[in-house]
>>> print(open('coords_31.txt').read())   # compact mmCIF, C-alpha atoms and all ligand atoms
# COMPACT_ATOMS: atom_id res chain seq x y z
CA MET A 1 3.41 16.32 -20.40
CA THR A 2 0.99 17.29 -23.15
CA ARG A 3 -2.41 18.35 -21.82
CA VAL A 4 -5.58 17.00 -23.44
CA LEU A 5 -9.08 18.38 -22.90
CA SER A 6 -12.40 17.38 -24.42
CA GLY A 7 -16.09 17.39 -23.55
CA VAL A 8 -19.46 15.82 -24.15
CA GLN A 9 -22.91 17.27 -23.64
CA PRO A 10 -25.38 15.45 -21.37
CA SER A 11 -28.02 16.35 -23.94
CA GLY A 12 -29.20 12.82 -24.66
CA GLU A 13 -28.06 9.25 -24.88
CA MET A 14 -24.51 8.53 -26.06
CA HIS A 15 -24.31 7.20 -29.60
CA LEU A 16 -21.80 5.58 -31.90
CA GLY A 17 -20.61 8.95 -33.22
CA ASN A 18 -19.62 10.01 -29.71
CA TYR A 19 -17.90 6.70 -29.12
CA LEU A 20 -15.99 6.39 -32.37
CA GLY A 21 -15.39 10.10 -32.97
CA ALA A 22 -14.36 11.02 -29.45
CA PHE A 23 -14.44 8.55 -26.55
CA ARG A 24 -12.10 6.00 -28.05
CA SER A 25 -9.40 8.65 -28.45
CA TRP A 26 -10.11 9.87 -24.92
CA VAL A 27 -9.48 6.41 -23.51
CA ALA A 28 -6.21 6.04 -25.43
CA ASP A 29 -5.07 9.59 -24.62
CA GLN A 30 -5.53 9.21 -20.86
CA HIS A 31 -2.52 6.88 -20.76
CA GLU A 32 -0.21 9.16 -22.71
CA HIS A 33 -1.20 12.68 -21.73
CA ASP A 34 -2.48 14.70 -18.81
CA ALA A 35 -6.12 14.23 -19.80
CA LEU A 36 -9.14 16.20 -18.59
CA TYR A 37 -12.64 15.29 -19.73
CA CYS A 38 -15.63 17.45 -19.05
CA ILE A 39 -19.36 16.79 -19.10
CA VAL A 40 -20.41 20.10 -20.58
CA ASP A 41 -23.80 20.57 -18.94
CA LEU A 42 -23.89 24.32 -19.59
CA HIS A 43 -23.80 23.59 -23.33
CA ALA A 44 -26.81 21.32 -22.91
CA LEU A 45 -28.88 24.39 -21.89
CA THR A 46 -28.56 25.93 -25.34
CA LEU A 47 -31.37 23.82 -26.81
CA ASP A 48 -34.78 22.96 -25.45
CA TYR A 49 -34.21 20.48 -22.59
CA ASP A 50 -35.94 18.99 -19.56
CA PRO A 51 -34.60 20.59 -16.34
CA SER A 52 -35.93 17.70 -14.25
CA ALA A 53 -33.80 15.21 -16.22
CA LEU A 54 -30.52 17.11 -16.63
CA ALA A 55 -28.81 16.13 -13.35
CA GLU A 56 -29.64 12.46 -13.88
CA ARG A 57 -28.40 12.68 -17.48
CA THR A 58 -25.16 14.16 -16.24
CA LEU A 59 -24.58 11.22 -13.90
CA VAL A 60 -25.55 8.73 -16.59
CA THR A 61 -23.10 10.39 -18.98
CA ALA A 62 -20.38 9.99 -16.37
CA ALA A 63 -21.29 6.30 -16.04
CA CYS A 64 -21.11 5.89 -19.79
CA LEU A 65 -17.64 7.47 -19.89
CA LEU A 66 -16.40 5.12 -17.18
CA ALA A 67 -17.95 2.23 -19.10
CA VAL A 68 -16.09 3.06 -22.31
CA GLY A 69 -12.85 2.93 -20.33
CA LEU A 70 -12.05 6.26 -18.69
CA ASP A 71 -10.18 5.61 -15.47
CA PRO A 72 -10.68 8.33 -12.84
CA ALA A 73 -7.34 7.35 -11.28
CA THR A 74 -5.62 8.20 -14.58
CA CYS A 75 -7.63 11.11 -16.02
CA THR A 76 -9.67 13.97 -14.58
CA LEU A 77 -13.41 13.66 -15.16
CA PHE A 78 -15.58 16.59 -14.09
CA VAL A 79 -18.76 18.56 -14.73
CA GLN A 80 -18.41 21.95 -16.41
CA SER A 81 -20.85 23.81 -14.13
CA HIS A 82 -18.86 22.69 -11.06
CA VAL A 83 -15.97 24.90 -12.15
CA PRO A 84 -17.15 28.53 -12.11
CA GLU A 85 -14.26 29.79 -14.23
CA HIS A 86 -15.91 28.45 -17.41
CA PRO A 87 -18.57 31.20 -17.62
CA ARG A 88 -16.13 33.76 -16.16
CA LEU A 89 -13.59 33.22 -18.90
CA THR A 90 -16.37 33.09 -21.48
CA TRP A 91 -17.08 36.76 -20.88
CA LEU A 92 -13.47 37.75 -21.52
CA LEU A 93 -13.55 35.71 -24.72
CA GLU A 94 -16.93 37.07 -25.82
CA CYS A 95 -15.23 40.44 -25.71
CA THR A 96 -12.59 39.01 -28.04
CA ALA A 97 -14.63 36.98 -30.56
CA THR A 98 -16.67 38.83 -33.19
CA MET A 99 -20.27 38.58 -34.38
CA GLY A 100 -18.98 37.80 -37.86
CA GLU A 101 -17.04 34.79 -36.60
CA LEU A 102 -19.99 33.38 -34.71
CA GLN A 103 -22.39 33.98 -37.58
CA ARG A 104 -20.22 31.74 -39.75
CA MET A 105 -20.59 28.72 -37.42
CA THR A 106 -22.42 26.06 -39.43
CA GLN A 107 -23.73 24.21 -36.37
CA PHE A 108 -25.50 27.33 -35.16
CA LYS A 109 -27.00 27.99 -38.58
CA ASP A 110 -28.07 24.37 -38.87
CA LYS A 111 -29.64 24.07 -35.43
CA ALA A 112 -31.29 27.49 -35.54
CA ALA A 113 -32.74 26.69 -38.95
CA ARG A 114 -34.14 23.42 -37.61
CA GLY A 115 -36.09 25.41 -35.03
CA HIS A 116 -34.35 24.04 -31.96
CA ASP A 117 -35.83 26.63 -29.67
CA ASP A 118 -38.79 26.86 -27.37
CA GLY A 119 -41.08 28.34 -29.94
CA GLY A 120 -40.17 26.03 -32.78
CA GLY A 121 -39.29 29.05 -34.89
CA GLY A 122 -36.60 28.56 -37.51
CA GLY A 123 -35.31 31.00 -40.02
CA GLY A 124 -31.54 30.56 -40.21
CA GLY A 125 -30.79 31.99 -36.80
CA GLU A 126 -32.96 35.06 -37.16
CA ALA A 127 -35.94 33.64 -35.25
CA PRO A 128 -36.40 35.74 -32.12
CA SER A 129 -36.81 32.64 -29.93
CA VAL A 130 -33.43 31.05 -30.78
CA ARG A 131 -31.40 31.28 -27.58
CA VAL A 132 -28.46 33.64 -27.33
CA GLY A 133 -26.59 30.73 -25.72
CA LEU A 134 -26.87 28.70 -28.93
CA PHE A 135 -25.18 31.56 -30.75
CA THR A 136 -22.40 32.07 -28.18
CA TYR A 137 -21.87 28.34 -27.51
CA PRO A 138 -18.56 28.21 -29.44
CA VAL A 139 -17.12 30.91 -27.15
CA LEU A 140 -18.01 28.88 -24.07
CA MET A 141 -16.35 25.94 -25.78
CA ALA A 142 -13.24 28.06 -26.39
CA ALA A 143 -13.21 28.90 -22.67
CA ASP A 144 -13.55 25.18 -21.80
CA ILE A 145 -10.39 24.48 -23.76
CA LEU A 146 -8.27 27.55 -23.04
CA LEU A 147 -8.84 27.36 -19.27
CA TYR A 148 -6.81 24.16 -19.13
CA ASP A 149 -3.89 25.16 -21.36
CA ALA A 150 -4.88 22.21 -23.55
CA ASP A 151 -2.39 21.38 -26.29
CA ARG A 152 -4.60 18.78 -27.90
CA VAL A 153 -8.38 18.49 -28.23
CA PRO A 154 -9.65 15.09 -29.39
CA VAL A 155 -13.02 15.67 -31.12
CA GLY A 156 -15.10 14.43 -34.01
CA ASP A 157 -14.94 16.23 -37.33
CA ASP A 158 -18.14 18.19 -36.52
CA GLN A 159 -16.17 20.24 -33.99
CA ARG A 160 -13.41 21.27 -36.40
CA GLN A 161 -14.86 24.74 -37.01
CA HIS A 162 -15.39 25.41 -33.29
CA LEU A 163 -11.81 24.36 -32.60
CA GLU A 164 -10.59 26.76 -35.27
CA LEU A 165 -12.52 29.53 -33.52
CA ALA A 166 -10.93 28.66 -30.16
CA ARG A 167 -7.52 28.93 -31.80
CA ASP A 168 -8.35 32.27 -33.47
CA VAL A 169 -9.69 33.73 -30.22
CA ALA A 170 -6.61 32.56 -28.29
CA ILE A 171 -4.25 34.04 -30.87
CA ARG A 172 -6.15 37.36 -30.94
CA PHE A 173 -6.27 37.61 -27.14
CA ASN A 174 -2.56 36.79 -26.90
CA GLY A 175 -1.77 39.38 -29.57
CA ARG A 176 -3.82 42.11 -27.87
CA CYS A 177 -3.17 41.39 -24.18
CA GLY A 178 0.12 39.48 -24.14
CA ASP A 179 0.91 35.80 -24.16
CA THR A 180 -1.79 34.19 -22.01
CA PHE A 181 -3.29 31.10 -23.63
CA VAL A 182 -1.87 27.93 -25.12
CA VAL A 183 -3.13 27.69 -28.72
CA PRO A 184 -4.77 24.23 -28.99
CA GLU A 185 -4.62 21.71 -31.83
CA ALA A 186 -7.59 19.57 -32.88
CA ALA A 187 -6.98 15.80 -32.83
CA ILE A 188 -9.50 14.18 -35.18
CA PRO A 189 -9.45 10.37 -35.52
CA SER A 190 -8.71 8.81 -38.92
CA ALA A 191 -11.65 6.36 -38.63
CA GLY A 192 -15.07 7.27 -37.22
CA ALA A 193 -14.47 11.02 -37.32
CA ARG A 194 -17.93 11.67 -38.79
CA VAL A 195 -20.47 8.94 -38.19
CA MET A 196 -23.60 9.64 -40.19
CA ASP A 197 -27.25 9.02 -39.32
CA LEU A 198 -28.27 5.61 -40.69
CA GLN A 199 -31.59 6.97 -41.96
CA GLU A 200 -30.26 10.30 -43.24
CA PRO A 201 -26.67 9.50 -44.22
CA THR A 202 -25.88 13.05 -45.30
CA ARG A 203 -26.44 14.24 -41.70
CA LYS A 204 -24.18 13.45 -38.77
CA MET A 205 -25.43 11.17 -36.04
CA SER A 206 -26.30 13.41 -33.10
CA LYS A 207 -28.04 13.22 -29.73
CA THR A 208 -30.39 16.07 -30.44
CA VAL A 209 -30.90 16.25 -34.20
CA SER A 210 -30.73 12.69 -35.57
CA SER A 211 -33.61 10.33 -36.22
CA PRO A 212 -34.09 7.67 -33.49
CA GLN A 213 -33.91 4.81 -36.03
CA GLY A 214 -30.80 6.32 -37.60
CA THR A 215 -28.92 6.63 -34.31
CA VAL A 216 -27.17 3.63 -32.80
CA LEU A 217 -26.92 4.22 -29.07
CA VAL A 218 -23.99 2.90 -27.08
CA LEU A 219 -26.52 1.19 -24.81
CA ASP A 220 -28.76 -0.25 -27.54
CA PRO A 221 -29.28 -4.01 -26.99
CA PRO A 222 -27.79 -6.23 -29.75
CA GLU A 223 -31.14 -6.90 -31.43
CA VAL A 224 -31.84 -3.17 -31.65
CA VAL A 225 -28.38 -2.50 -33.14
CA ARG A 226 -29.00 -5.23 -35.72
CA ARG A 227 -32.43 -3.88 -36.61
CA LYS A 228 -31.16 -0.33 -37.06
CA VAL A 229 -28.26 -1.48 -39.26
CA ARG A 230 -30.52 -3.76 -41.32
CA ARG A 231 -32.86 -0.82 -41.98
CA ALA A 232 -30.06 1.63 -42.80
CA VAL A 233 -30.79 3.68 -45.91
CA THR A 234 -28.52 2.77 -48.85
CA ASP A 235 -29.43 3.49 -52.51
CA THR A 236 -31.18 1.90 -55.46
CA GLU A 237 -27.97 0.44 -56.94
CA SER A 238 -26.47 -2.81 -55.74
CA GLU A 239 -22.73 -2.15 -56.05
CA VAL A 240 -20.78 -1.94 -52.78
CA ARG A 241 -18.39 0.93 -53.41
CA TYR A 242 -16.80 3.56 -51.13
CA ASP A 243 -17.91 6.92 -52.46
CA PRO A 244 -19.23 9.21 -49.69
CA LYS A 245 -20.62 11.79 -52.16
CA ALA A 246 -22.43 9.46 -54.56
CA LYS A 247 -23.18 6.64 -52.09
CA PRO A 248 -23.42 8.20 -48.59
CA GLY A 249 -25.39 5.35 -46.99
CA VAL A 250 -23.14 2.52 -48.18
CA SER A 251 -20.01 4.58 -47.46
CA ASN A 252 -21.21 5.26 -43.91
CA LEU A 253 -21.63 1.50 -43.37
CA LEU A 254 -18.10 0.91 -44.69
CA ASP A 255 -16.78 3.67 -42.43
CA LEU A 256 -18.50 2.04 -39.46
CA LEU A 257 -17.03 -1.36 -40.34
CA ALA A 258 -13.56 0.16 -40.67
CA ALA A 259 -13.87 2.03 -37.38
CA ALA A 260 -15.27 -0.94 -35.46
CA ALA A 261 -13.27 -3.82 -36.94
CA GLY A 262 -10.28 -2.19 -38.64
CA GLY A 263 -9.30 -1.83 -42.29
CA GLU A 264 -9.70 0.78 -45.00
CA PRO A 265 -13.29 1.50 -46.14
CA ALA A 266 -12.42 1.38 -49.87
CA ARG A 267 -10.58 -1.94 -49.49
CA LEU A 268 -13.32 -3.42 -47.32
CA ALA A 269 -15.86 -2.66 -50.08
CA GLU A 270 -14.04 -5.09 -52.40
CA GLY A 271 -15.08 -7.99 -50.17
CA TYR A 272 -18.84 -7.48 -50.71
CA THR A 273 -21.23 -8.08 -53.56
CA THR A 274 -24.48 -7.37 -51.68
CA TYR A 275 -25.65 -4.70 -49.25
CA GLY A 276 -27.18 -7.42 -47.07
CA ALA A 277 -23.84 -9.11 -46.40
CA LEU A 278 -22.22 -5.77 -45.62
CA LYS A 279 -25.00 -4.89 -43.18
CA ASP A 280 -24.66 -8.25 -41.42
CA ASP A 281 -20.94 -7.70 -40.87
CA VAL A 282 -21.42 -4.12 -39.72
CA ALA A 283 -24.05 -5.26 -37.22
CA ASP A 284 -21.77 -8.04 -35.90
CA ALA A 285 -18.84 -5.64 -35.54
CA LEU A 286 -20.94 -3.05 -33.69
CA VAL A 287 -22.47 -5.59 -31.34
CA ALA A 288 -19.00 -6.93 -30.50
CA LEU A 289 -17.72 -3.38 -29.94
CA LEU A 290 -20.58 -2.32 -27.68
CA GLU A 291 -21.14 -5.46 -25.62
CA PRO A 292 -18.24 -4.98 -23.16
CA VAL A 293 -19.16 -1.32 -22.73
CA GLN A 294 -22.73 -2.26 -21.88
CA GLN A 295 -21.56 -4.80 -19.31
CA ARG A 296 -19.35 -2.24 -17.56
CA TYR A 297 -22.11 0.36 -17.71
CA ALA A 298 -24.48 -1.92 -15.82
CA GLU A 299 -21.83 -2.25 -13.09
CA VAL A 300 -21.12 1.47 -12.60
CA VAL A 301 -24.44 3.23 -13.18
CA ALA A 302 -26.21 2.00 -10.07
CA ASP A 303 -23.80 3.63 -7.61
CA HIS A 304 -24.64 7.32 -7.82
CA GLY A 305 -22.64 8.01 -4.66
CA ALA A 306 -19.47 6.69 -6.27
CA LEU A 307 -20.15 8.65 -9.46
CA ARG A 308 -20.61 11.86 -7.49
CA ARG A 309 -17.37 11.27 -5.59
CA ILE A 310 -15.44 10.78 -8.83
CA LEU A 311 -16.93 13.99 -10.25
CA ALA A 312 -16.22 15.95 -7.05
CA ALA A 313 -12.56 14.88 -7.07
CA GLY A 314 -12.34 15.75 -10.76
CA ALA A 315 -13.85 19.20 -10.21
CA GLU A 316 -11.41 19.89 -7.39
CA ARG A 317 -8.41 19.22 -9.62
CA ALA A 318 -9.94 21.00 -12.63
CA HIS A 319 -10.70 24.04 -10.49
CA LEU A 320 -7.06 24.38 -9.40
CA ILE A 321 -5.95 24.63 -13.03
CA ALA A 322 -8.87 26.77 -14.19
CA ALA A 323 -8.60 29.31 -11.38
CA ALA A 324 -4.92 29.94 -12.16
CA THR A 325 -5.61 30.39 -15.87
CA TYR A 326 -8.57 32.67 -15.26
CA GLU A 327 -6.50 34.88 -12.97
CA ARG A 328 -3.77 35.07 -15.61
CA ALA A 329 -6.32 36.01 -18.26
CA ALA A 330 -8.02 38.61 -16.06
CA ARG A 331 -4.64 40.25 -15.36
CA SER A 332 -3.75 40.19 -19.04
CA ALA A 333 -7.12 41.77 -19.88
CA GLY A 334 -6.22 44.62 -17.52
CA LEU A 335 -8.83 44.01 -14.81
CA LEU A 336 -7.98 45.33 -11.35
CA MET A 337 -7.22 42.23 -9.28
CA PRO A 338 -8.92 42.04 -5.86
N1 LIG A 401 -21.64 11.84 -35.65
C1 LIG A 401 -20.48 11.98 -35.03
N2 LIG A 401 -19.36 11.41 -35.55
C2 LIG A 401 -18.16 11.54 -34.92
N3 LIG A 401 -18.00 12.24 -33.76
C3 LIG A 401 -19.09 12.82 -33.22
N4 LIG A 401 -19.28 13.53 -32.09
C4 LIG A 401 -20.58 13.88 -32.00
N5 LIG A 401 -21.27 13.40 -33.03
C5 LIG A 401 -20.37 12.72 -33.82
C6 LIG A 401 -18.22 13.87 -31.16
O1 LIG A 401 -18.64 13.47 -29.85
C7 LIG A 401 -18.13 14.40 -28.88
C8 LIG A 401 -19.25 14.87 -27.98
O2 LIG A 401 -20.16 15.59 -28.80
P1 LIG A 401 -21.47 16.35 -28.40
O3 LIG A 401 -21.98 15.91 -27.09
O4 LIG A 401 -21.28 17.82 -28.57
O5 LIG A 401 -22.32 15.95 -29.68
P2 LIG A 401 -23.66 15.29 -30.15
O6 LIG A 401 -23.74 13.87 -29.73
O7 LIG A 401 -23.83 15.62 -31.57
O8 LIG A 401 -24.73 16.01 -29.26
P3 LIG A 401 -25.66 17.19 -29.55
O9 LIG A 401 -26.25 17.61 -28.22
O10 LIG A 401 -26.63 16.87 -30.64
O11 LIG A 401 -24.62 18.25 -29.99
P4 LIG A 401 -24.07 18.89 -31.30
O12 LIG A 401 -24.97 18.48 -32.43
O13 LIG A 401 -24.11 20.32 -30.95
O14 LIG A 401 -22.64 18.42 -31.49
C9 LIG A 401 -17.48 15.54 -29.69
O15 LIG A 401 -16.08 15.36 -29.72
C10 LIG A 401 -18.04 15.37 -31.07
O16 LIG A 401 -17.15 15.83 -32.07
>>> encode(input="coords_31.txt", output="structure tokens")
Amino acid sequence: MTRVLSGVQPSGEMHLGNYLGAFRSWVADQHEHDALYCIVDLHALTLDYDPSALAERTLVTAACLLAVGLDPATCTLFVQSHVPEHPRLTWLLECTATMGELQRMTQFKDKAARGHDDGGGGGGGEAPSVRVGLFTYPVLMAADILLYDADRVPVGDDQRQHLELARDVAIRFNGRCGDTFVVPEAAIPSAGARVMDLQEPTRKMSKTVSSPQGTVLVLDPPEVVRRKVRRAVTDTESEVRYDPKAKPGVSNLLDLLAAAAGGEPARLAEGYTTYGALKDDVADALVALLEPVQQRYAEVVADHGALRRILAAGAERAHLIAAATYERAARSAGLLMP
């Protein structure tokens, strides 16, 4: 059976980009593949965060994943820091990846330049206060994937470059140390692969970087969803046309409509003569998409005991797989086994 692995950071509240770019594929994949999904809490330490809120955010993220439709009886849901092989394999891979590769990662350059560090310093990654972990994050992500012999990694388009790095590192390690890792393939959805911020439509919607008014949260009440969509930035023209370069705001709305209600963005555009009508339909489609998720969320989030039990069972299974892969990698790397 094909193995699938993917992850989400408990770095903030889940948004439409997470749902459309990743979670929907996760839910579908769990029925067809051996699927493992990981709440990547170690990745959430790479930016400034509140230690007193992280554990709660991790549980809430688990509740959100169950609400979108993950079934713990069908897939394996676990927390990254509960499986100690993730940082252990990271070291072997850090000794495989190169500085040049990591320096090319656009997400690092972007976040470092935005001053996502304790001191607020920016400077394209050269600021002394940018965390080393933000720089090496893609190697930890490679370890997350390679530990589970994942064939397929369902992610949004923003993770394409990191996935490519995981593949390169696996191929290099295999070439140098002998066949050890499965080389993974990215699985990027055809609709909703890159949901853009409604206020800054040239920037992806994100938990940590987007504007609050430009980010539709999975748990936003209907009236808030409608308000955010109504206020979405478009342009000074009035023609509804799908052209992501020239008309990023309108095209993002068409992408959202296509992802939420079906259809092709360019064809959908033909049905509209005003931005207002398009926004109304996008808002209706999003509200209809999110309502059942919000109902399920309310049912699962209250029972922290049940959430912890699901995560403990998931970690137990994940650890069995990860420990075997780590041992194989350590042997291949030539370490003396205890
Ligand atoms: N805007 C998006 N459109 C489509 N897919 C997206 N994903 C994230 N943003 C979009 C996909 O969601 C999964 C989990 O991603 P994440 O937790 O790493 O991303 P985030 O919500 O963007 O959170 P952060 O903390 O701000 O992280 P960065 O900016 O580092 O990604 C992934 O499959 C991702 O592709």
>>> residues_around(input="coords_31.txt", residues="A:Val4", least_positions_apart="2", cutoff="9 Å", atoms="all atoms listed in the file", output="PyMOL selection string")
chain A and resi 2+6+26+29-30+33-37+145+148-154
>>> write_last_selection(input="coords_31.txt", atoms="C-alpha atoms", output="mmCIF file, in the frame of the given file")
data_model
loop_
_atom_site.group_PDB
_atom_site.id
_atom_site.type_symbol
_atom_site.label_atom_id
_atom_site.label_comp_id
_atom_site.auth_asym_id
_atom_site.auth_seq_id
_atom_site.Cartn_x
_atom_site.Cartn_y
_atom_site.Cartn_z
ATOM 1 C CA THR A 2 0.990 17.290 -23.150
ATOM 2 C CA SER A 6 -12.400 17.380 -24.420
ATOM 3 C CA TRP A 26 -10.110 9.870 -24.920
ATOM 4 C CA ASP A 29 -5.070 9.590 -24.620
ATOM 5 C CA GLN A 30 -5.530 9.210 -20.860
ATOM 6 C CA HIS A 33 -1.200 12.680 -21.730
ATOM 7 C CA ASP A 34 -2.480 14.700 -18.810
ATOM 8 C CA ALA A 35 -6.120 14.230 -19.800
ATOM 9 C CA LEU A 36 -9.140 16.200 -18.590
ATOM 10 C CA TYR A 37 -12.640 15.290 -19.730
ATOM 11 C CA ILE A 145 -10.390 24.480 -23.760
ATOM 12 C CA TYR A 148 -6.810 24.160 -19.130
ATOM 13 C CA ASP A 149 -3.890 25.160 -21.360
ATOM 14 C CA ALA A 150 -4.880 22.210 -23.550
ATOM 15 C CA ASP A 151 -2.390 21.380 -26.290
ATOM 16 C CA ARG A 152 -4.600 18.780 -27.900
ATOM 17 C CA VAL A 153 -8.380 18.490 -28.230
ATOM 18 C CA PRO A 154 -9.650 15.090 -29.390
#
>>> residues_around(input="coords_31.txt", residues="A:Val225", least_positions_apart="3", cutoff="10 Å", atoms="all atoms listed in the file", output="count of residues only")
18
>>> closest_residue(input="coords_31.txt", among="A:Thr180, A:Gln9, A:Gln159, A:Ser81", to="A:Ala324", atoms="all atoms listed in the file")
A:Thr180
>>> residues_around(input="coords_31.txt", residues="A:Ala62", least_positions_apart="2", cutoff="10 Å", atoms="all atoms listed in the file", output="PyMOL selection string")
chain A and resi 8+10+37-39+56-60+64-67+70+77-79+297+300-301+304+307-308+310-311
>>> closest_residue(input="coords_31.txt", among="A:Leu134, A:Met205, A:Leu20, A:Ala44", to="A:Ala261", atoms="only C-alpha atoms")
A:Leu20
>>> atom_distance(input="coords_31.txt", atom1="atom CA of A:Tyr275", atom2="atom C1 of ligand LIG 401 (chain A)")
22.5 Å
>>> closest_residue(input="coords_31.txt", among="A:Met1, A:Ile188, A:Val250, A:Leu289", to="ligand LIG 401 (chain A)", atoms="only C-alpha atoms and all ligand atoms")
A:Ile188
>>> closest_residue(input="coords_31.txt", among="A:Gly314, A:Gly271, A:Gly175, A:Gly249", to="A:His82", atoms="all atoms listed in the file")
A:Gly314
>>> residues_near_ligand(input="coords_31.txt", ligand="ligand LIG 401 (chain A)", cutoff="7 Å", atoms="all atoms listed in the file", output="PyMOL selection string")
chain A and resi 6-12+14-15+17-22+44+107+154-159+192-196+204-209
>>> closest_residue(input="coords_31.txt", among="A:Gly263, A:Arg3, A:Glu32, A:Gly69", to="A:Gln295", atoms="all atoms listed in the file")
A:Gly69
>>> build_atoms(input="coords_31.txt", residues="stretch 254-260 of chain A", atoms="all heavy atoms", output="PDB file, keeping the file's coordinate frame")
ATOM      1  N   LEU A 254     -19.510   1.333 -44.547  1.00  0.00           N
ATOM      2  CA  LEU A 254     -18.100   0.910 -44.690  1.00  0.00           C
ATOM      3  C   LEU A 254     -17.220   1.651 -43.673  1.00  0.00           C
ATOM      4  O   LEU A 254     -16.301   1.064 -43.090  1.00  0.00           O
ATOM      5  CB  LEU A 254     -17.617   1.177 -46.120  1.00  0.00           C
ATOM      6  CG  LEU A 254     -18.223   0.245 -47.181  1.00  0.00           C
ATOM      7  CD1 LEU A 254     -18.025   0.801 -48.590  1.00  0.00           C
ATOM      8  CD2 LEU A 254     -17.600  -1.162 -47.083  1.00  0.00           C
ATOM      9  N   ASP A 255     -17.529   2.919 -43.446  1.00  0.00           N
ATOM     10  CA  ASP A 255     -16.780   3.670 -42.430  1.00  0.00           C
ATOM     11  C   ASP A 255     -16.968   3.037 -41.052  1.00  0.00           C
ATOM     12  O   ASP A 255     -16.026   2.919 -40.265  1.00  0.00           O
ATOM     13  CB  ASP A 255     -17.264   5.125 -42.369  1.00  0.00           C
ATOM     14  CG  ASP A 255     -16.592   6.017 -43.409  1.00  0.00           C
ATOM     15  OD1 ASP A 255     -15.422   5.759 -43.746  1.00  0.00           O
ATOM     16  OD2 ASP A 255     -17.250   6.964 -43.882  1.00  0.00           O
ATOM     17  N   LEU A 256     -18.213   2.648 -40.763  1.00  0.00           N
ATOM     18  CA  LEU A 256     -18.500   2.040 -39.460  1.00  0.00           C
ATOM     19  C   LEU A 256     -17.745   0.715 -39.311  1.00  0.00           C
ATOM     20  O   LEU A 256     -17.176   0.428 -38.253  1.00  0.00           O
ATOM     21  CB  LEU A 256     -19.994   1.786 -39.302  1.00  0.00           C
ATOM     22  CG  LEU A 256     -20.842   3.017 -39.012  1.00  0.00           C
ATOM     23  CD1 LEU A 256     -22.322   2.661 -39.000  1.00  0.00           C
ATOM     24  CD2 LEU A 256     -20.445   3.610 -37.662  1.00  0.00           C
ATOM     25  N   LEU A 257     -17.730  -0.072 -40.386  1.00  0.00           N
ATOM     26  CA  LEU A 257     -17.030  -1.360 -40.340  1.00  0.00           C
ATOM     27  C   LEU A 257     -15.534  -1.114 -40.105  1.00  0.00           C
ATOM     28  O   LEU A 257     -14.902  -1.791 -39.280  1.00  0.00           O
ATOM     29  CB  LEU A 257     -17.267  -2.120 -41.649  1.00  0.00           C
ATOM     30  CG  LEU A 257     -16.750  -3.546 -41.697  1.00  0.00           C
ATOM     31  CD1 LEU A 257     -17.408  -4.405 -40.614  1.00  0.00           C
ATOM     32  CD2 LEU A 257     -17.019  -4.174 -43.079  1.00  0.00           C
ATOM     33  N   ALA A 258     -14.994  -0.142 -40.811  1.00  0.00           N
ATOM     34  CA  ALA A 258     -13.560   0.160 -40.670  1.00  0.00           C
ATOM     35  C   ALA A 258     -13.253   0.623 -39.243  1.00  0.00           C
ATOM     36  O   ALA A 258     -12.271   0.199 -38.628  1.00  0.00           O
ATOM     37  CB  ALA A 258     -13.147   1.224 -41.678  1.00  0.00           C
ATOM     38  N   ALA A 259     -14.124   1.488 -38.717  1.00  0.00           N
ATOM     39  CA  ALA A 259     -13.870   2.030 -37.380  1.00  0.00           C
ATOM     40  C   ALA A 259     -14.036   0.947 -36.304  1.00  0.00           C
ATOM     41  O   ALA A 259     -13.300   0.920 -35.326  1.00  0.00           O
ATOM     42  CB  ALA A 259     -14.814   3.202 -37.100  1.00  0.00           C
ATOM     43  N   ALA A 260     -14.990   0.054 -36.499  1.00  0.00           N
ATOM     44  CA  ALA A 260     -15.270  -0.940 -35.460  1.00  0.00           C
ATOM     45  C   ALA A 260     -14.361  -2.164 -35.555  1.00  0.00           C
ATOM     46  O   ALA A 260     -13.983  -2.738 -34.536  1.00  0.00           O
ATOM     47  CB  ALA A 260     -16.736  -1.383 -35.528  1.00  0.00           C
TER      48      ALA A 260
END
